[in-house]
>>> print(open('data.pdb').read())   # PDB, C-alpha atoms, pLDDT in the B column
ATOM      1  CA  VAL A 714     121.744 191.629  94.831  1.00 34.00           C
ATOM      2  CA  ALA A 715     120.510 193.218  91.650  1.00 36.00           C
ATOM      3  CA  SER A 716     121.350 196.455  89.953  1.00 34.00           C
ATOM      4  CA  SER A 717     118.698 198.859  88.695  1.00 34.00           C
ATOM      5  CA  THR A 718     119.312 197.586  85.153  1.00 34.00           C
ATOM      6  CA  MET A 719     118.314 194.005  86.010  1.00 36.00           C
ATOM      7  CA  SER A 720     114.484 194.393  86.086  1.00 34.00           C
ATOM      8  CA  ALA A 721     113.226 192.231  88.943  1.00 36.00           C
ATOM      9  CA  SER A 722     116.012 189.671  88.914  1.00 35.00           C
ATOM     10  CA  LEU A 723     117.549 189.326  92.344  1.00 36.00           C
ATOM     11  CA  PHE A 724     119.618 186.923  94.403  1.00 40.00           C
ATOM     12  CA  LEU A 725     117.903 185.472  97.439  1.00 43.00           C
ATOM     13  CA  ARG A 726     120.018 185.309 100.567  1.00 42.00           C
ATOM     14  CA  LEU A 727     119.524 181.877 102.076  1.00 41.00           C
ATOM     15  CA  THR A 728     120.716 180.494 105.357  1.00 38.00           C
ATOM     16  CA  PRO A 729     121.019 176.784 106.073  1.00 38.00           C
ATOM     17  CA  PHE A 730     117.652 177.074 107.783  1.00 36.00           C
ATOM     18  CA  PRO A 731     114.259 177.555 106.136  1.00 36.00           C
ATOM     19  CA  THR A 732     114.242 181.312 106.448  1.00 34.00           C
ATOM     20  CA  LEU A 733     114.422 183.682 103.515  1.00 37.00           C
ATOM     21  CA  ALA A 734     115.815 187.180 103.780  1.00 37.00           C
ATOM     22  CA  MET A 735     115.580 189.164 100.586  1.00 35.00           C
ATOM     23  CA  LEU A 736     117.797 192.115  99.762  1.00 35.00           C
ATOM     24  CA  GLY A 737     115.853 194.555  97.583  1.00 37.00           C
ATOM     25  CA  ARG A 738     117.189 197.451  95.572  1.00 34.00           C
ATOM     26  CA  ALA A 739     115.731 199.954  98.024  1.00 36.00           C
ATOM     27  CA  SER A 740     117.784 198.508 100.888  1.00 39.00           C
ATOM     28  CA  MET A 741     121.066 198.213  99.007  1.00 40.00           C
ATOM     29  CA  THR A 742     123.973 200.104 100.517  1.00 44.00           C
ATOM     30  CA  ALA A 743     126.465 202.028  98.410  1.00 43.00           C
ATOM     31  CA  PRO A 744     129.153 199.316  98.883  1.00 46.00           C
ATOM     32  CA  ALA A 745     126.682 196.647  97.741  1.00 46.00           C
ATOM     33  CA  LEU A 746     125.810 198.680  94.659  1.00 41.00           C
ATOM     34  CA  SER A 747     129.527 199.138  93.990  1.00 44.00           C
ATOM     35  CA  ARG A 748     130.108 195.368  94.185  1.00 49.00           C
ATOM     36  CA  VAL A 749     127.300 194.786  91.686  1.00 46.00           C
ATOM     37  CA  ALA A 750     128.772 197.381  89.325  1.00 46.00           C
ATOM     38  CA  CYS A 751     132.210 195.779  89.643  1.00 49.00           C
ATOM     39  CA  MET A 752     130.785 192.323  88.892  1.00 53.00           C
ATOM     40  CA  GLN A 753     129.173 193.701  85.744  1.00 50.00           C
ATOM     41  CA  HIS A 754     132.212 195.781  84.703  1.00 51.00           C
ATOM     42  CA  PRO A 755     135.284 194.326  86.464  1.00 51.00           C
ATOM     43  CA  THR A 756     137.919 196.365  84.631  1.00 52.00           C
ATOM     44  CA  ALA A 757     136.320 199.568  85.925  1.00 49.00           C
ATOM     45  CA  CYS A 758     137.020 198.527  89.522  1.00 51.00           C
ATOM     46  CA  MET A 759     140.687 197.597  89.626  1.00 53.00           C
ATOM     47  CA  SER A 760     141.509 199.730  92.662  1.00 53.00           C
ATOM     48  CA  THR A 761     139.921 201.720  95.437  1.00 55.00           C
ATOM     49  CA  ALA A 762     141.373 204.297  97.772  1.00 66.00           C
ATOM     50  CA  SER A 763     142.378 201.731 100.409  1.00 81.00           C
ATOM     51  CA  THR A 764     142.481 198.361  98.650  1.00 87.00           C
ATOM     52  CA  GLN A 765     144.297 197.217  95.533  1.00 91.00           C
ATOM     53  CA  ILE A 766     141.880 194.948  93.666  1.00 93.00           C
ATOM     54  CA  PRO A 767     143.670 192.214  91.693  1.00 94.00           C
ATOM     55  CA  ASP A 768     143.178 191.985  87.941  1.00 93.00           C
ATOM     56  CA  VAL A 769     141.292 188.711  87.473  1.00 94.00           C
ATOM     57  CA  SER A 770     140.458 189.108  83.802  1.00 93.00           C
ATOM     58  CA  GLN A 771     142.766 186.233  82.789  1.00 93.00           C
ATOM     59  CA  TYR A 772     140.466 183.812  84.638  1.00 93.00           C
ATOM     60  CA  MET A 773     137.641 184.783  82.304  1.00 93.00           C
ATOM     61  CA  THR A 774     139.636 183.924  79.203  1.00 93.00           C
ATOM     62  CA  ASP A 775     141.874 181.060  80.351  1.00 94.00           C
ATOM     63  CA  VAL A 776     141.146 177.703  78.738  1.00 93.00           C
ATOM     64  CA  PRO A 777     140.441 175.133  81.459  1.00 91.00           C
ATOM     65  CA  PRO A 778     142.936 172.258  81.762  1.00 91.00           C
ATOM     66  CA  PRO A 779     141.807 169.448  79.438  1.00 91.00           C
ATOM     67  CA  GLU A 780     141.712 166.928  82.270  1.00 90.00           C
ATOM     68  CA  THR A 781     138.856 168.946  83.865  1.00 90.00           C
ATOM     69  CA  LYS A 782     136.514 168.799  80.854  1.00 89.00           C
ATOM     70  CA  ASP A 783     134.206 166.283  82.542  1.00 88.00           C
ATOM     71  CA  TYR A 784     134.116 168.024  85.945  1.00 90.00           C
ATOM     72  CA  ILE A 785     130.655 169.030  87.156  1.00 90.00           C
ATOM     73  CA  MET A 786     129.747 171.638  89.762  1.00 90.00           C
ATOM     74  CA  GLN A 787     127.527 169.060  91.419  1.00 93.00           C
ATOM     75  CA  GLN A 788     126.676 170.234  94.923  1.00 92.00           C
ATOM     76  CA  THR A 789     126.881 172.637  97.789  1.00 92.00           C
ATOM     77  CA  MET A 790     126.374 170.985 101.185  1.00 91.00           C
ATOM     78  CA  ILE A 791     124.386 172.651 103.943  1.00 90.00           C
ATOM     79  CA  ARG A 792     123.744 171.123 107.373  1.00 89.00           C
ATOM     80  CA  VAL A 793     120.135 171.261 108.528  1.00 90.00           C
ATOM     81  CA  LYS A 794     118.485 170.714 111.909  1.00 89.00           C
ATOM     82  CA  ASP A 795     115.097 169.610 110.564  1.00 91.00           C
ATOM     83  CA  PRO A 796     115.071 167.740 107.239  1.00 94.00           C
ATOM     84  CA  ILE A 797     111.303 167.960 106.674  1.00 96.00           C
ATOM     85  CA  THR A 798     111.107 171.717 107.272  1.00 92.00           C
ATOM     86  CA  SER A 799     114.169 172.193 105.059  1.00 93.00           C
ATOM     87  CA  LEU A 800     112.794 169.985 102.275  1.00 97.00           C
ATOM     88  CA  ASP A 801     109.488 171.865 102.433  1.00 95.00           C
ATOM     89  CA  PHE A 802     111.397 175.122 101.950  1.00 92.00           C
ATOM     90  CA  TYR A 803     113.648 174.018  99.104  1.00 93.00           C
ATOM     91  CA  THR A 804     110.921 172.132  97.209  1.00 94.00           C
ATOM     92  CA  LYS A 805     107.720 174.079  97.929  1.00 92.00           C
ATOM     93  CA  VAL A 806     109.135 177.608  98.159  1.00 89.00           C
ATOM     94  CA  LEU A 807     112.103 177.452  95.772  1.00 90.00           C
ATOM     95  CA  GLY A 808     110.679 174.819  93.400  1.00 91.00           C
ATOM     96  CA  MET A 809     113.555 172.375  93.662  1.00 94.00           C
ATOM     97  CA  LYS A 810     113.046 168.631  93.506  1.00 96.00           C
ATOM     98  CA  LEU A 811     114.323 165.949  95.842  1.00 96.00           C
ATOM     99  CA  ILE A 812     116.256 163.598  93.574  1.00 96.00           C
ATOM    100  CA  MET A 813     117.913 161.370  96.158  1.00 96.00           C
ATOM    101  CA  ALA A 814     117.798 160.655  99.880  1.00 96.00           C
ATOM    102  CA  LYS A 815     120.290 158.356 101.574  1.00 95.00           C
ATOM    103  CA  ASN A 816     120.700 157.367 105.213  1.00 95.00           C
ATOM    104  CA  PHE A 817     124.032 156.587 106.838  1.00 95.00           C
ATOM    105  CA  PRO A 818     122.959 155.282 110.282  1.00 95.00           C
ATOM    106  CA  GLN A 819     126.434 153.868 110.940  1.00 97.00           C
ATOM    107  CA  TRP A 820     127.774 157.446 110.880  1.00 95.00           C
ATOM    108  CA  GLY A 821     124.653 159.156 112.259  1.00 94.00           C
ATOM    109  CA  PHE A 822     123.585 161.307 109.333  1.00 94.00           C
ATOM    110  CA  SER A 823     121.290 161.418 106.301  1.00 96.00           C
ATOM    111  CA  VAL A 824     121.650 163.348 103.047  1.00 96.00           C
ATOM    112  CA  TYR A 825     118.970 164.809 100.796  1.00 97.00           C
ATOM    113  CA  PHE A 826     119.915 166.073  97.342  1.00 96.00           C
ATOM    114  CA  VAL A 827     117.653 168.726  95.847  1.00 96.00           C
ATOM    115  CA  ALA A 828     118.098 169.983  92.294  1.00 95.00           C
ATOM    116  CA  PRO A 829     116.688 173.007  90.497  1.00 93.00           C
ATOM    117  CA  GLY A 830     113.914 172.511  87.983  1.00 87.00           C
ATOM    118  CA  ASP A 831     111.913 169.456  87.064  1.00 87.00           C
ATOM    119  CA  ARG A 832     114.646 166.813  87.161  1.00 87.00           C
ATOM    120  CA  ASP A 833     114.181 163.104  86.728  1.00 88.00           C
ATOM    121  CA  VAL A 834     114.565 161.125  89.910  1.00 91.00           C
ATOM    122  CA  PRO A 835     117.382 158.602  89.422  1.00 91.00           C
ATOM    123  CA  ILE A 836     116.293 154.966  89.213  1.00 92.00           C
ATOM    124  CA  GLY A 837     118.019 151.605  89.630  1.00 93.00           C
ATOM    125  CA  ASP A 838     120.080 150.023  92.374  1.00 94.00           C
ATOM    126  CA  ASP A 839     121.789 152.123  95.080  1.00 92.00           C
ATOM    127  CA  ALA A 840     125.059 152.458  93.150  1.00 93.00           C
ATOM    128  CA  SER A 841     123.269 153.523  89.964  1.00 94.00           C
ATOM    129  CA  VAL A 842     121.073 156.059  91.793  1.00 94.00           C
ATOM    130  CA  TRP A 843     124.153 157.501  93.564  1.00 92.00           C
ATOM    131  CA  GLN A 844     126.051 157.787  90.254  1.00 92.00           C
ATOM    132  CA  GLN A 845     123.115 159.478  88.496  1.00 93.00           C
ATOM    133  CA  CYS A 846     122.763 161.943  91.371  1.00 93.00           C
ATOM    134  CA  MET A 847     126.497 162.740  91.321  1.00 93.00           C
ATOM    135  CA  MET A 848     126.176 163.604  87.610  1.00 92.00           C
ATOM    136  CA  THR A 849     123.320 166.093  88.229  1.00 93.00           C
ATOM    137  CA  PRO A 850     124.737 169.637  88.234  1.00 92.00           C
ATOM    138  CA  GLY A 851     123.689 172.354  90.659  1.00 93.00           C
ATOM    139  CA  CYS A 852     122.399 170.240  93.555  1.00 95.00           C
ATOM    140  CA  ILE A 853     122.154 171.294  97.159  1.00 95.00           C
ATOM    141  CA  GLU A 854     122.987 168.516  99.588  1.00 95.00           C
ATOM    142  CA  LEU A 855     121.033 168.954 102.792  1.00 95.00           C
ATOM    143  CA  THR A 856     122.858 167.013 105.508  1.00 93.00           C
ATOM    144  CA  TRP A 857     120.974 166.142 108.667  1.00 93.00           C
ATOM    145  CA  ASN A 858     123.152 165.012 111.565  1.00 91.00           C
ATOM    146  CA  HIS A 859     120.921 162.689 113.573  1.00 94.00           C
ATOM    147  CA  GLY A 860     120.115 164.121 116.989  1.00 89.00           C
ATOM    148  CA  SER A 861     120.559 167.792 116.008  1.00 86.00           C
ATOM    149  CA  GLU A 862     116.763 168.101 115.860  1.00 87.00           C
ATOM    150  CA  THR A 863     116.571 167.507 119.623  1.00 86.00           C
ATOM    151  CA  GLU A 864     118.983 170.303 120.538  1.00 83.00           C
ATOM    152  CA  GLU A 865     117.190 173.136 122.302  1.00 82.00           C
ATOM    153  CA  ALA A 866     118.838 175.995 120.429  1.00 75.00           C
ATOM    154  CA  ALA A 867     116.838 177.298 117.477  1.00 73.00           C
ATOM    155  CA  ARG A 868     120.072 177.353 115.485  1.00 72.00           C
ATOM    156  CA  VAL A 869     122.767 174.728 115.902  1.00 72.00           C
ATOM    157  CA  TYR A 870     124.955 175.575 112.881  1.00 72.00           C
ATOM    158  CA  ASN A 871     126.946 178.679 112.089  1.00 66.00           C
ATOM    159  CA  VAL A 872     125.801 180.296 108.846  1.00 67.00           C
ATOM    160  CA  GLY A 873     129.217 181.836 108.181  1.00 64.00           C
ATOM    161  CA  ASN A 874     128.129 185.473 108.266  1.00 63.00           C
ATOM    162  CA  SER A 875     129.719 186.831 111.465  1.00 64.00           C
ATOM    163  CA  ASP A 876     127.715 184.393 113.534  1.00 69.00           C
ATOM    164  CA  ALA A 877     128.549 183.228 117.076  1.00 67.00           C
ATOM    165  CA  THR A 878     126.629 179.919 116.806  1.00 67.00           C
ATOM    166  CA  GLY A 879     128.938 177.045 117.686  1.00 65.00           C
ATOM    167  CA  SER A 880     131.905 179.190 118.715  1.00 66.00           C
ATOM    168  CA  LYS A 881     133.591 178.144 121.961  1.00 71.00           C
ATOM    169  CA  ASP A 882     134.066 181.683 123.268  1.00 76.00           C
ATOM    170  CA  GLY A 883     130.711 183.141 122.173  1.00 73.00           C
ATOM    171  CA  GLU A 884     132.408 185.520 119.761  1.00 72.00           C
ATOM    172  CA  ALA A 885     131.183 185.878 116.191  1.00 67.00           C
ATOM    173  CA  VAL A 886     133.106 183.870 113.609  1.00 64.00           C
ATOM    174  CA  ARG A 887     134.040 185.267 110.222  1.00 58.00           C
ATOM    175  CA  GLY A 888     132.929 182.299 108.194  1.00 61.00           C
ATOM    176  CA  GLY A 889     133.398 181.636 104.519  1.00 59.00           C
ATOM    177  CA  PHE A 890     129.805 180.881 103.590  1.00 68.00           C
ATOM    178  CA  GLY A 891     127.837 183.855 102.352  1.00 66.00           C
ATOM    179  CA  HIS A 892     124.744 182.857 100.430  1.00 72.00           C
ATOM    180  CA  LEU A 893     123.204 180.794  97.653  1.00 79.00           C
ATOM    181  CA  GLY A 894     122.122 182.851  94.657  1.00 79.00           C
ATOM    182  CA  ILE A 895     118.778 182.085  93.060  1.00 79.00           C
ATOM    183  CA  THR A 896     117.473 184.256  90.248  1.00 81.00           C
ATOM    184  CA  THR A 897     113.763 184.716  89.707  1.00 79.00           C
ATOM    185  CA  LYS A 898     111.795 186.602  87.041  1.00 84.00           C
ATOM    186  CA  ASP A 899     109.607 188.320  89.631  1.00 84.00           C
ATOM    187  CA  VAL A 900     111.329 188.797  92.956  1.00 80.00           C
ATOM    188  CA  TYR A 901     108.308 190.508  94.497  1.00 84.00           C
ATOM    189  CA  ALA A 902     106.042 187.540  93.743  1.00 82.00           C
ATOM    190  CA  ALA A 903     108.731 185.230  95.168  1.00 78.00           C
ATOM    191  CA  CYS A 904     108.800 187.278  98.380  1.00 78.00           C
ATOM    192  CA  GLU A 905     105.035 186.979  98.688  1.00 80.00           C
ATOM    193  CA  ARG A 906     105.280 183.171  98.508  1.00 74.00           C
TER     194      ARG A 906
END
>>> encode(input="data.pdb", output="C-alpha cells")
Amino acid sequence: VASSTMSASLFLRLTPFPTLAMLGRASMTAPALSRVACMQHPTACMSTASTQIPDVSQYMTDVPPPETKDYIMQQTMIRVKDPITSLDFYTKVLGMKLIMAKNFPQWGFSVYFVAPGDRDVPIGDDASVWQQCMMTPGCIELTWNHGSETEEAARVYNVGNSDATGSKDGEAVRGGFGHLGITTKDVYAACER
C-alpha cells in the first residue's frame, strides 16, 4: 500500500497462485492509510483509543548479534498447484528469474527458486548449485507438491488471509501469511501487464 507522498510506488498483493490483486490509493481505507502513516512515522502512532501499540524503536537502532553477520534473508516459500503457470507469473509478469529447480521424487515435491532482477544462474555440480542458490538473497521458493495439480478445486492451499481452503470445518482460518511486497516505478503500467 502506498501513501499519497510515494508517487506511483505501491506494494502488489500476491497470493500463492498466479493472480494479482492491486490495492490502489483510491481504494485504500482509513485504517490502511493509518498503517502506512505509522510505518513512515512510528513514534506518532504509539497508541490508539482501544489498543496500546508497543514502542518498537529499539529494534531500529539495536546492533545485531555478531554471530548473525553472515545471515541472509534468502527465501519465502509458497506452495503452488501448477508450477508452469506460477513460473510464468513470477518470471514474465514480475520479471524474476528462475535460478534453480530441484526435484525430490522420493518425497513427492519439486522446488523452484526465483530471484528478483537479472541474476546469474548457479553453475557446477548439484551441491555447488544448491549452495550458490542458498546464498542468493530475496528468493521466492515455489514448492509444488506432486499430485496437487490433479485436485479438482481451483485452490488447494490456504493463502492465510481469512481463507477457508483446507480447513476441516469449512470455517475461515486466520493465517499468518499476508502478502509479498514488490515495489514498481509505475504501478499503473504494472497493472496493465
>>> atom_distance(input="data.pdb", atom1="CA of Val793 (chain A)", atom2="CA of Leu855 (chain A)")
6.2 Å
>>> atom_distance(input="data.pdb", atom1="CA of Ala903 (chain A)", atom2="CA of Met809 (chain A)")
13.8 Å
>>> residues_around(input="data.pdb", residues="Gln845 (chain A)", least_positions_apart="2", cutoff="12 Å", atoms="only C-alpha atoms", output="VMD selection string")
chain A and resid 787 812 to 813 826 832 to 843 847 to 850 852
>>> atom_distance(input="data.pdb", atom1="CA of Asn858 (chain A)", atom2="CA of Arg906 (chain A)")
28.6 Å
>>> residues_around(input="data.pdb", residues="Glu854 (chain A)", least_positions_apart="5", cutoff="10 Å", atoms="all atoms listed in the file", output="mmCIF file with C-alpha atoms, in the coordinates of the input")
data_model
loop_
_atom_site.group_PDB
_atom_site.id
_atom_site.type_symbol
_atom_site.label_atom_id
_atom_site.label_comp_id
_atom_site.auth_asym_id
_atom_site.auth_seq_id
_atom_site.Cartn_x
_atom_site.Cartn_y
_atom_site.Cartn_z
ATOM 1 C CA GLN A 787 127.527 169.060 91.419
ATOM 2 C CA GLN A 788 126.676 170.234 94.923
ATOM 3 C CA THR A 789 126.881 172.637 97.789
ATOM 4 C CA MET A 790 126.374 170.985 101.185
ATOM 5 C CA ILE A 791 124.386 172.651 103.943
ATOM 6 C CA ARG A 792 123.744 171.123 107.373
ATOM 7 C CA VAL A 793 120.135 171.261 108.528
ATOM 8 C CA LEU A 811 114.323 165.949 95.842
ATOM 9 C CA MET A 813 117.913 161.370 96.158
ATOM 10 C CA ALA A 814 117.798 160.655 99.880
ATOM 11 C CA SER A 823 121.290 161.418 106.301
ATOM 12 C CA VAL A 824 121.650 163.348 103.047
ATOM 13 C CA TYR A 825 118.970 164.809 100.796
ATOM 14 C CA PHE A 826 119.915 166.073 97.342
ATOM 15 C CA VAL A 827 117.653 168.726 95.847
ATOM 16 C CA ALA A 828 118.098 169.983 92.294
#
>>> closest_atom_pairs(input="data.pdb", of="region 759-846 of chain A", to="region 861-865 of chain A", cutoff="9 Å", atoms="only C-alpha atoms", output="Markdown table")
| residue | atom | partner | partner_atom | distance |
| --- | --- | --- | --- | --- |
| A:Val793 | CA | A:Ser861 | CA | 8.3 |
| A:Lys794 | CA | A:Glu862 | CA | 5.0 |
| A:Asp795 | CA | A:Glu862 | CA | 5.8 |
| A:Pro796 | CA | A:Glu862 | CA | 8.8 |
>>> closest_residue(input="data.pdb", among="A:Pro818, A:Thr856, A:Thr896, A:Asp775", to="Tyr870 (chain A)", atoms="all atoms listed in the file")
A:Thr856
>>> closest_residue(input="data.pdb", among="A:Cys846, A:Tyr772, A:Ile785, A:Phe822", to="Lys810 (chain A)", atoms="all atoms listed in the file")
A:Cys846
>>> closest_residue(input="data.pdb", among="A:Val769, A:Met786, A:Val776, A:Ile853", to="Ser799 (chain A)", atoms="all atoms listed in the file")
A:Ile853
>>> residues_near_point(input="data.pdb", point="(116.0, 178.8, 94.2)", cutoff="10 Å", atoms="only C-alpha atoms", output="number ranges by chain")
A: 724-727, 802-804, 806-809, 828-830, 893-897, 903
